[in-house]
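J.: Starting off with a structure, shown below.
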Amino acid sequence: MPVSSFTDEDRRVVYRAIRTRRDVRSHFLETPIPDEVLARLLYAAHHAPSVGLMQPWEFIIIRDRTVRNEIFANFQRSNIEAAQRYSNDRRSLYDTLKLQAILDAPINLCITCNQTVDRGAGLGRQSMPETAVYSTVCAVQNLWLAARTEGIGVGWVSILDPAELAPTLKLPENVIPIAYLCVGYVSEFADRPDLEVKGWEQPAPIADLIHFDTYGKVDKPQAMHLLRSLTDDRIVGSDA
């Protein structure tokens, strides 16, 4: 019989954190994050799964205003270039989106990946070297979910030029930035993702993304049957 040390209430908390996690770009408060809380977030990130137990991640805590101003200028240049990809109504909508909180959040955090780390002796990386990056992304997700349980918002700023970011943060050649995060307490967490509310994109139905045995072997009734229990909100929540 499967062994589990988690109660139904424990599982509710985990699924609630997953369901209510948001990419936060606004509503940041000036309230500082206590060291013990920040330590817990880093602890959660550091306990992410990693291929070969390589743990290729490192964490740069950025409070310095001069550094953040330089990164904000990087965002502004990158954002102008990104905006040019859109036109008409899509461009107008893009211009209304708040896509960063670099100067607003109490802490900026860059999670990096050391692609040549010796830990793990290369286990699992010979055929898929990109697993170093995948492992680091798992650390990002762990931190994000832990932050949600602490009432702390996290916003991932992807509109940055990594080639400019590297010298700003003095990254060595073998270390690449994976996630530049704005982190801080917030006044609210939105019920729905901001991009959904603004009409930029709608969430994809999970049933449309399930294949059986091989890619392209889609069976919508079978998928719906598999997911039928999600209508019971006792664990995962009514908006699953």
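A note on labels: chains of the structure tokens are A, B, ... as shown, every chain counts residues from 1, and ligands are counted from 1 in their shown order.
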Which of region 24-147 of chain A counts as strand (DSSP E or B) under DSSP, as a PyMOL selection string please?
T.: chain A and resi 28+57-62+107-114
J.: Using the selection just defined, write its residues with N, CA and C atoms as a compact mmCIF listing (two decimals), in the first residue's frame.
T.:
# COMPACT_ATOMS: atom_id res chain seq x y z
N PHE A 28 3.47 45.68 -5.08
CA PHE A 28 4.54 45.43 -4.12
C PHE A 28 4.52 46.47 -3.01
N TRP A 57 22.54 25.65 -9.50
CA TRP A 57 22.02 26.99 -9.25
C TRP A 57 22.87 27.78 -8.26
N GLU A 58 22.82 29.10 -8.42
CA GLU A 58 23.36 30.03 -7.44
C GLU A 58 22.40 31.23 -7.38
N PHE A 59 22.48 31.99 -6.31
CA PHE A 59 21.51 33.05 -6.05
C PHE A 59 22.21 34.38 -5.82
N ILE A 60 21.84 35.38 -6.60
CA ILE A 60 22.39 36.72 -6.43
C ILE A 60 21.27 37.61 -5.87
N ILE A 61 21.42 38.05 -4.63
CA ILE A 61 20.44 38.92 -3.98
C ILE A 61 20.84 40.36 -4.30
N ILE A 62 19.94 41.08 -4.94
CA ILE A 62 20.27 42.42 -5.45
C ILE A 62 19.42 43.46 -4.73
N ILE A 107 13.39 43.41 -3.10
CA ILE A 107 14.55 42.61 -3.46
C ILE A 107 14.43 42.16 -4.91
N ASN A 108 15.54 42.20 -5.61
CA ASN A 108 15.66 41.52 -6.89
C ASN A 108 16.55 40.30 -6.65
N LEU A 109 16.23 39.22 -7.33
CA LEU A 109 16.97 37.97 -7.13
C LEU A 109 17.24 37.35 -8.50
N CYS A 110 18.49 37.13 -8.79
CA CYS A 110 18.84 36.45 -10.04
C CYS A 110 19.29 35.04 -9.71
N ILE A 111 18.62 34.07 -10.30
CA ILE A 111 18.99 32.67 -10.13
C ILE A 111 19.75 32.24 -11.37
N THR A 112 20.98 31.80 -11.16
CA THR A 112 21.87 31.48 -12.27
C THR A 112 22.12 29.98 -12.35
N CYS A 113 22.70 29.58 -13.47
CA CYS A 113 23.05 28.17 -13.69
C CYS A 113 24.51 28.07 -14.08
N ASN A 114 25.25 27.29 -13.31
CA ASN A 114 26.64 26.98 -13.65
C ASN A 114 26.64 25.72 -14.52
J.: Would you give me, as a PyMOL selection string, the residues in region 32-215 of chain A that DSSP reads as helix (DSSP H, G or I)?
T.: chain A and resi 35-46+51-53+65-83+88-96+131-149+162-168+194-197+206-209
J.: Let me see the file: selected residues, C-alpha atoms, as a short mmCIF file (atom, residue, chain, number, x, y, z; two decimals), in the first residue's frame.
T.:
data_model
loop_
_atom_site.label_atom_id
_atom_site.label_comp_id
_atom_site.auth_asym_id
_atom_site.auth_seq_id
_atom_site.Cartn_x
_atom_site.Cartn_y
_atom_site.Cartn_z
CA ASP A 35 16.30 37.45 6.69
CA GLU A 36 14.70 34.33 8.13
CA VAL A 37 11.94 34.43 5.51
CA LEU A 38 14.38 35.00 2.65
CA ALA A 39 16.45 32.14 4.00
CA ARG A 40 13.41 29.85 3.86
CA LEU A 41 12.78 30.78 0.23
CA LEU A 42 16.38 30.03 -0.71
CA TYR A 43 16.18 26.78 1.27
CA ALA A 44 13.11 25.77 -0.72
CA ALA A 45 14.86 26.59 -3.99
CA HIS A 46 17.96 24.66 -2.96
CA VAL A 51 19.73 15.72 -12.45
CA GLY A 52 22.66 13.82 -10.96
CA LEU A 53 22.29 15.95 -7.81
CA ARG A 65 20.00 50.76 -6.31
CA THR A 66 22.79 51.45 -8.78
CA VAL A 67 22.80 47.85 -9.97
CA ARG A 68 19.03 47.81 -10.21
CA ASN A 69 18.97 51.07 -12.17
CA GLU A 70 21.37 49.53 -14.69
CA ILE A 71 19.18 46.45 -15.03
CA PHE A 72 16.09 48.63 -15.38
CA ALA A 73 17.80 50.46 -18.26
CA ASN A 74 18.47 47.03 -19.80
CA PHE A 75 14.76 46.26 -19.52
CA GLN A 76 13.77 49.55 -21.12
CA ARG A 77 16.00 48.94 -24.15
CA SER A 78 14.84 45.33 -24.47
CA ASN A 79 11.20 46.31 -24.07
CA ILE A 80 11.36 48.84 -26.91
CA GLU A 81 12.76 46.12 -29.17
CA ALA A 82 10.17 43.56 -28.01
CA ALA A 83 7.28 45.97 -28.55
CA ASN A 88 -2.30 47.37 -34.21
CA ASP A 89 -4.49 46.26 -31.28
CA ARG A 90 -1.89 43.80 -30.01
CA ARG A 91 0.71 46.57 -29.82
CA SER A 92 -1.73 48.87 -28.03
CA LEU A 93 -2.46 46.16 -25.49
CA TYR A 94 1.25 45.40 -25.07
CA ASP A 95 1.92 49.02 -24.21
CA THR A 96 -0.56 48.82 -21.31
CA THR A 131 19.35 19.31 -17.86
CA ALA A 132 21.51 21.79 -15.92
CA VAL A 133 19.15 24.54 -17.06
CA TYR A 134 16.08 22.38 -16.45
CA SER A 135 17.24 21.67 -12.91
CA THR A 136 17.71 25.38 -12.22
CA VAL A 137 14.19 26.11 -13.43
CA CYS A 138 12.94 23.59 -10.86
CA ALA A 139 14.68 25.69 -8.19
CA VAL A 140 12.86 28.77 -9.49
CA GLN A 141 9.51 27.00 -9.19
CA ASN A 142 10.27 25.77 -5.67
CA LEU A 143 11.10 29.30 -4.55
CA TRP A 144 7.98 30.68 -6.23
CA LEU A 145 5.63 28.27 -4.48
CA ALA A 146 7.31 28.79 -1.11
CA ALA A 147 7.01 32.55 -1.60
CA ARG A 148 3.27 32.21 -2.22
CA THR A 149 2.81 30.49 1.14
CA PRO A 162 21.37 38.39 -21.08
CA ALA A 163 24.50 39.64 -22.83
CA GLU A 164 24.09 42.96 -21.02
CA LEU A 165 22.96 41.40 -17.77
CA ALA A 166 26.08 39.24 -17.45
CA PRO A 167 28.60 42.10 -17.07
CA THR A 168 26.24 44.05 -14.81
CA ASP A 194 -2.86 39.31 -15.10
CA LEU A 195 -2.35 38.43 -18.77
CA GLU A 196 -5.66 36.57 -18.72
CA VAL A 197 -7.45 39.52 -17.10
CA ILE A 206 -5.52 20.72 -19.81
CA ALA A 207 -7.61 18.14 -21.68
CA ASP A 208 -6.35 19.60 -24.97
CA LEU A 209 -2.74 18.95 -23.98
#
J.: Find the residues near Gly151 (chain A): any atom within 10 Å, counting only C-alpha atoms, skip ones fewer than 5 places away on the same chain, and give them as an NGL selection string.
T.: :A and (146 or 184-189)
J.: From the options A:Leu97, A:Asp64, A:Arg16, A:Val183, which residue's atoms come nearest to Pro32 (chain A), counting only C-alpha atoms?
T.: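 Selected residue with least distance to Pro32 (chain A): A:Val183.
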J.: In Å, rounded to a single decimal, give me how far CA of Gln126 (chain A) is from CA of Ser50 (chain A).
T.: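 Going from CA of Ser50 (chain A) over to CA of Gln126 (chain A), I get 14.6 Å.
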J.: Could you tell me how far CA of Gln115 (chain A) lies from CA of Ile178 (chain A), in Å and to one decimal?
T.: 11.1 Å
J.: Taking 5 positions as the minimum chain separation for residues in the same chain, which residues sit within 6 Å of Val24 (chain A) when counting only C-alpha atoms? Answer as a ChimeraX atom specification.
T.: /A:153-155
J.: Would you write out those residues with C-alpha atoms, as an mmCIF file, in the first residue's frame?
T.:
data_model
loop_
_atom_site.group_PDB
_atom_site.id
_atom_site.type_symbol
_atom_site.label_atom_id
_atom_site.label_comp_id
_atom_site.auth_asym_id
_atom_site.auth_seq_id
_atom_site.Cartn_x
_atom_site.Cartn_y
_atom_site.Cartn_z
ATOM 1 C CA GLY A 153 4.936 37.987 -4.627
ATOM 2 C CA VAL A 154 7.392 36.969 -7.334
ATOM 3 C CA GLY A 155 7.637 38.447 -10.815
#
J.: Out of A:Pro2, A:His225, A:Asp10, A:Thr116, which residue has the shortest atom-to-atom distance to Glu173 (chain A) when counting only C-alpha atoms?
T.: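 Checking each candidate against Glu173 (chain A), we get A:Thr116 as the closest.
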